[in-house]
file start-v4.cif (mmCIF, C-alpha atoms and all ligand atoms)
data_model
#
loop_
_atom_site.label_atom_id
_atom_site.label_comp_id
_atom_site.auth_asym_id
_atom_site.auth_seq_id
_atom_site.Cartn_x
_atom_site.Cartn_y
_atom_site.Cartn_z
CA MET N 1 51.38 191.03 -18.03
CA ARG N 2 53.22 193.83 -19.78
CA ARG N 3 56.41 195.34 -18.44
CA GLY N 4 58.36 197.84 -20.49
CA PRO N 5 56.58 199.59 -23.32
CA ASN N 6 58.37 197.49 -25.91
CA ASP N 7 60.18 194.80 -23.96
CA CYS N 8 57.51 192.78 -22.22
CA ASN N 9 59.82 189.96 -21.10
CA GLU N 10 62.60 192.30 -19.99
CA ASN N 11 65.28 190.52 -22.00
CA GLN N 12 66.70 193.82 -23.34
CA ILE N 13 65.44 192.86 -26.79
CA PRO N 14 62.57 194.79 -28.36
CA ASP N 15 59.41 192.69 -28.67
CA GLU N 16 59.41 192.77 -32.46
CA CYS N 17 62.85 191.18 -32.38
CA ASP N 18 61.55 188.39 -30.13
CA ILE N 19 58.77 187.56 -32.58
CA GLN N 20 59.32 185.10 -35.41
CA VAL N 21 59.57 186.39 -38.97
CA ALA N 22 56.59 184.18 -39.82
CA PHE N 23 54.53 186.23 -37.36
CA GLY N 24 55.72 189.60 -38.62
CA GLY N 25 58.71 190.00 -36.32
CA PHE N 26 62.44 189.91 -36.93
CA CYS N 27 63.49 186.74 -35.12
CA GLU N 28 64.94 184.32 -37.66
CA GLY N 29 63.71 181.01 -36.32
CA THR N 30 60.68 178.86 -35.82
CA THR N 31 61.02 177.68 -32.24
CA TYR N 32 60.65 179.19 -28.81
CA PRO N 33 62.92 180.08 -27.16
CA PRO N 34 64.23 182.37 -28.47
CA CYS N 35 61.84 183.16 -31.32
CA ASP N 36 58.34 183.65 -29.96
CA THR N 37 55.02 183.36 -31.74
CA ASP N 38 52.37 186.08 -32.04
CA TYR N 39 49.24 184.21 -32.99
CA ASP N 40 46.88 187.07 -32.17
CA GLY N 41 49.04 189.48 -34.15
CA ASN N 42 49.09 192.23 -31.54
CA GLY N 43 52.86 192.69 -31.63
CA VAL N 44 53.33 191.20 -28.17
CA PRO N 45 55.29 187.94 -27.93
CA ASP N 46 52.78 185.27 -26.91
CA HIS N 47 54.76 184.17 -23.88
CA CYS N 48 54.18 187.64 -22.42
CA GLU N 49 50.45 187.15 -22.55
CA THR N 50 48.48 184.83 -20.37
CA CYS N 51 44.92 184.09 -21.27
CA GLY N 52 42.66 181.10 -21.32
CA ASP N 53 43.99 179.64 -18.08
CA PHE N 54 40.97 179.23 -15.83
CA VAL N 55 41.56 176.12 -13.73
CA GLY N 56 44.10 173.52 -12.78
CA MET N 57 42.73 170.01 -12.89
CA ALA N 58 39.24 170.42 -11.46
CA THR N 59 36.52 169.56 -13.94
CA THR N 60 33.51 170.47 -11.79
CA TYR N 61 32.50 173.34 -9.54
CA PRO N 62 34.05 174.48 -7.20
CA TYR N 63 37.07 174.89 -9.41
CA ASP N 64 40.67 175.24 -8.38
CA GLY N 65 42.49 178.30 -9.68
CA PRO N 66 44.60 178.90 -12.78
CA ASP N 67 47.64 176.63 -12.91
CA GLY N 68 49.78 178.42 -15.48
CA THR N 69 48.92 176.13 -18.36
CA VAL N 70 46.21 176.31 -20.99
CA ASP N 71 45.05 172.76 -21.47
CA VAL N 72 42.13 170.39 -21.76
CA TYR N 73 40.93 171.17 -18.23
CA ASP N 74 40.48 174.80 -19.19
CA TYR N 75 38.56 173.54 -22.19
CA TRP N 76 36.19 171.58 -19.93
CA TYR N 77 35.70 174.75 -17.90
CA ILE N 78 34.57 176.89 -20.83
CA HIS N 79 32.68 173.91 -22.24
CA GLU N 80 30.59 173.65 -19.05
CA GLY N 81 29.67 177.31 -19.11
CA ILE N 82 28.99 177.89 -22.78
CA GLY N 83 25.50 179.10 -23.58
CA TYR N 84 24.83 180.67 -20.17
CA CYS N 85 24.41 184.35 -19.37
CA ASP N 86 24.57 186.53 -16.28
CA PRO N 87 23.02 185.97 -13.69
CA HIS N 88 22.59 182.21 -14.30
CA SER N 89 24.52 180.16 -11.76
CA LYS N 90 26.31 178.29 -14.55
CA TYR N 91 27.50 181.62 -15.87
CA LEU N 92 28.69 182.77 -12.47
CA GLU N 93 30.54 179.50 -11.90
CA HIS N 94 32.30 179.91 -15.24
CA ILE N 95 32.56 183.68 -15.34
CA LEU N 96 36.27 183.57 -16.24
CA ALA N 97 35.27 182.01 -19.54
CA ASP N 98 33.41 185.17 -20.53
CA MET N 99 36.53 186.43 -22.19
CA ASP N 100 34.97 189.35 -24.04
CA GLY N 101 32.98 190.37 -20.96
CA ASP N 102 29.62 190.67 -22.70
CA GLY N 103 27.72 188.87 -19.94
CA CYS N 104 27.33 185.59 -21.79
CA ILE N 105 29.64 182.67 -22.48
CA THR N 106 29.38 182.19 -26.21
CA PHE N 107 31.13 180.76 -29.23
CA VAL N 108 33.03 184.05 -29.49
CA ASP N 109 34.55 183.37 -26.09
CA TYR N 110 35.36 179.84 -27.17
CA GLN N 111 37.12 181.17 -30.27
CA ASN N 112 39.09 183.54 -28.06
CA TRP N 113 40.06 180.60 -25.91
CA ILE N 114 41.17 178.59 -28.95
CA MET N 115 43.50 181.51 -29.75
CA CYS N 116 44.85 181.50 -26.19
CA TYR N 117 45.49 177.78 -26.45
CA ARG N 118 47.43 178.33 -29.66
CA MET N 119 49.44 181.14 -28.06
CA ALA N 120 50.28 179.06 -24.99
CA ASN N 121 50.97 175.78 -26.74
CA GLY N 122 52.06 176.74 -30.23
CA LYS N 123 49.56 174.39 -31.84
CA ASP N 124 45.86 174.01 -32.46
CA PHE N 125 43.59 172.56 -29.82
CA VAL N 126 42.17 169.15 -30.59
CA VAL N 127 38.75 168.67 -29.05
CA PRO N 128 38.73 165.55 -26.88
CA LYS N 129 35.96 163.07 -27.52
CA ALA N 130 35.39 161.58 -24.07
CA LYS N 131 32.98 164.19 -22.77
CA LEU N 132 30.81 164.19 -25.88
CA LEU N 133 29.29 160.91 -24.73
CA PRO N 134 26.63 162.34 -22.35
CA LYS N 135 25.07 164.30 -25.17
CA VAL N 136 24.60 161.17 -27.22
CA LYS N 137 22.73 159.22 -24.56
CA PRO N 138 22.15 160.13 -20.90
CA THR N 139 22.54 156.48 -19.87
CA LEU N 140 26.16 156.63 -21.02
CA TRP N 141 26.95 159.16 -18.32
CA VAL N 142 28.66 156.71 -15.98
CA ALA N 143 30.76 155.35 -18.82
CA SER N 144 31.76 158.83 -19.83
CA VAL N 145 32.87 159.75 -16.33
CA ALA N 146 34.93 156.58 -16.24
CA SER N 147 36.52 157.38 -19.56
CA ARG N 148 37.19 160.91 -18.48
CA GLY N 149 39.05 159.46 -15.51
CA ARG N 150 41.13 157.36 -17.84
CA PHE N 151 41.79 160.39 -19.98
CA ARG N 152 43.00 162.26 -16.93
CA ASP N 153 45.20 159.32 -15.90
CA ARG N 154 46.80 159.42 -19.30
CA LEU N 155 47.43 163.13 -18.96
CA ILE N 156 48.98 162.66 -15.55
CA THR N 157 51.26 159.91 -16.77
CA GLY N 158 52.11 162.00 -19.80
CA ARG N 159 50.99 159.37 -22.24
CA ARG N 160 49.00 160.45 -25.23
CA PRO N 161 45.28 159.70 -25.17
CA ARG N 162 44.52 157.13 -27.80
CA GLN N 163 43.06 158.70 -30.94
CA THR N 164 39.87 157.02 -32.05
CA CA N 201 50.56 188.42 -29.10
CA CA N 202 44.85 175.76 -16.70
CA CA N 203 31.24 186.52 -23.74
#
call {"tool": "encode", "arguments": {"input": "start-v4.cif", "output": "structure tokens"}}
result
Amino acid sequence: MRRGPNDCNENQIPDECDIQVAFGGFCEGTTYPPCDTDYDGNGVPDHCETCGDFVGMATTYPYDGPDGTVDVYDYWYIHEGIGYCDPHSKYLEHILADMDGDGCITFVDYQNWIMCYRMANGKDFVVPKAKLLPKVKPTLWVASVASRGRFRDRLITGRRPRQT
């Protein structure tokens, strides 16, 4: 969402002065607020840009709407749709993940999402391992759903998922 031509967050400070020196701006600092990041290098402070937020906490169709955060649930969303093209139902269910609008959900879209995650969270996305289980062995499906539930519980309680 852009507001003024050069003051997207309407704080009476030009955007380039909101952006950290490390990202090509003039803000002498490394934390937000006040010094914002600009991971995609477009000269717009990242907190003025919202992308990569597809769902809240739903992990299957029908999805809930964007919840204002770019997190692991949005990852599951794009993950479910990757490899599908218009008019496949999987594509249509995950159409928000077609970030470059080329009619397919591809690795390019995933890379775009990774950038959005960085912009929203100020750090790189770490791919969770829980959902990789079904690909290893279909019989592990039940176990993977259970572990996904645990993963979600941990997110809800704010505890860090255990790194394996
Ligand atoms: Ca930017
Ligand atoms: Ca979200
Ligand atoms: Ca695409």
call {"tool": "residues_near_ligand", "arguments": {"input": "start-v4.cif", "ligand": "ligand CA 201 (chain N)", "cutoff": "7 Å", "atoms": "all atoms listed in the file", "output": "list in words"}}
result
Asp38, Tyr39, Asp40, Gly41, Asn42, Gly43, Val44, Pro45, Asp46 and Glu49 of chain N
call {"tool": "residues_near_ligand", "arguments": {"input": "start-v4.cif", "ligand": "ligand CA 202 (chain N)", "cutoff": "10 Å", "atoms": "only C-alpha atoms and all ligand atoms", "output": "PyMOL selection string"}}
result
chain N and resi 51-58+64-75+77+117
call {"tool": "closest_residue", "arguments": {"input": "start-v4.cif", "among": "N:Lys129, N:His94, N:Arg118, N:His47", "to": "ligand CA 203 (chain N)", "atoms": "all atoms listed in the file"}}
result
N:His94
call {"tool": "residues_near_ligand", "arguments": {"input": "start-v4.cif", "ligand": "ligand CA 203 (chain N)", "cutoff": "12 Å", "atoms": "all atoms listed in the file", "output": "PDB file with C-alpha atoms, keeping the file's coordinate frame"}}
result
ATOM      1  CA  ILE N  78      34.570 176.890 -20.830  1.00  0.00           C
ATOM      2  CA  GLY N  81      29.670 177.310 -19.110  1.00  0.00           C
ATOM      3  CA  ILE N  82      28.990 177.890 -22.780  1.00  0.00           C
ATOM      4  CA  GLY N  83      25.500 179.100 -23.580  1.00  0.00           C
ATOM      5  CA  TYR N  84      24.830 180.670 -20.170  1.00  0.00           C
ATOM      6  CA  CYS N  85      24.410 184.350 -19.370  1.00  0.00           C
ATOM      7  CA  ASP N  86      24.570 186.530 -16.280  1.00  0.00           C
ATOM      8  CA  TYR N  91      27.500 181.620 -15.870  1.00  0.00           C
ATOM      9  CA  HIS N  94      32.300 179.910 -15.240  1.00  0.00           C
ATOM     10  CA  ILE N  95      32.560 183.680 -15.340  1.00  0.00           C
ATOM     11  CA  LEU N  96      36.270 183.570 -16.240  1.00  0.00           C
ATOM     12  CA  ALA N  97      35.270 182.010 -19.540  1.00  0.00           C
ATOM     13  CA  ASP N  98      33.410 185.170 -20.530  1.00  0.00           C
ATOM     14  CA  MET N  99      36.530 186.430 -22.190  1.00  0.00           C
ATOM     15  CA  ASP N 100      34.970 189.350 -24.040  1.00  0.00           C
ATOM     16  CA  GLY N 101      32.980 190.370 -20.960  1.00  0.00           C
ATOM     17  CA  ASP N 102      29.620 190.670 -22.700  1.00  0.00           C
ATOM     18  CA  GLY N 103      27.720 188.870 -19.940  1.00  0.00           C
ATOM     19  CA  CYS N 104      27.330 185.590 -21.790  1.00  0.00           C
ATOM     20  CA  ILE N 105      29.640 182.670 -22.480  1.00  0.00           C
ATOM     21  CA  THR N 106      29.380 182.190 -26.210  1.00  0.00           C
ATOM     22  CA  PHE N 107      31.130 180.760 -29.230  1.00  0.00           C
ATOM     23  CA  VAL N 108      33.030 184.050 -29.490  1.00  0.00           C
ATOM     24  CA  ASP N 109      34.550 183.370 -26.090  1.00  0.00           C
ATOM     25  CA  TYR N 110      35.360 179.840 -27.170  1.00  0.00           C
ATOM     26  CA  GLN N 111      37.120 181.170 -30.270  1.00  0.00           C
ATOM     27  CA  ASN N 112      39.090 183.540 -28.060  1.00  0.00           C
ATOM     28  CA  TRP N 113      40.060 180.600 -25.910  1.00  0.00           C
TER      29      TRP N 113
END
call {"tool": "atom_distance", "arguments": {"input": "start-v4.cif", "atom1": "CA of Phe23 in chain N", "atom2": "CA of Met119 in chain N"}}
result
11.8 Å
call {"tool": "closest_residue", "arguments": {"input": "start-v4.cif", "among": "N:Asn6, N:Pro87, N:Glu93, N:His79", "to": "Ile114 in chain N", "atoms": "all atoms listed in the file"}}
result
N:His79
call {"tool": "residues_around", "arguments": {"input": "start-v4.cif", "residues": "Cys27 in chain N", "least_positions_apart": "3", "cutoff": "6 Å", "atoms": "all atoms listed in the file", "output": "number ranges by chain"}}
result
N: 17-21, 35
call {"tool": "axis_aligned_box", "arguments": {"input": "start-v4.cif", "around": "range 105-112 of chain N", "padding_each_side": "4 Å", "output": "JSON"}}
result
{"center_x": 34.2, "center_y": 181.9, "center_z": -26.4, "size_x": 17.7, "size_y": 12.2, "size_z": 15.8}
call {"tool": "atom_distance", "arguments": {"input": "start-v4.cif", "atom1": "CA of Cys48 in chain N", "atom2": "CA of Thr31 in chain N"}}
result
15.6 Å
call {"tool": "atom_distance", "arguments": {"input": "start-v4.cif", "atom1": "CA of Met115 in chain N", "atom2": "CA of Asp36 in chain N"}}
result
15.0 Å
call {"tool": "closest_residue", "arguments": {"input": "start-v4.cif", "among": "N:Asp124, N:Ser89, N:Cys116, N:Phe26", "to": "Pro14 in chain N", "atoms": "all atoms listed in the file"}}
result
N:Phe26
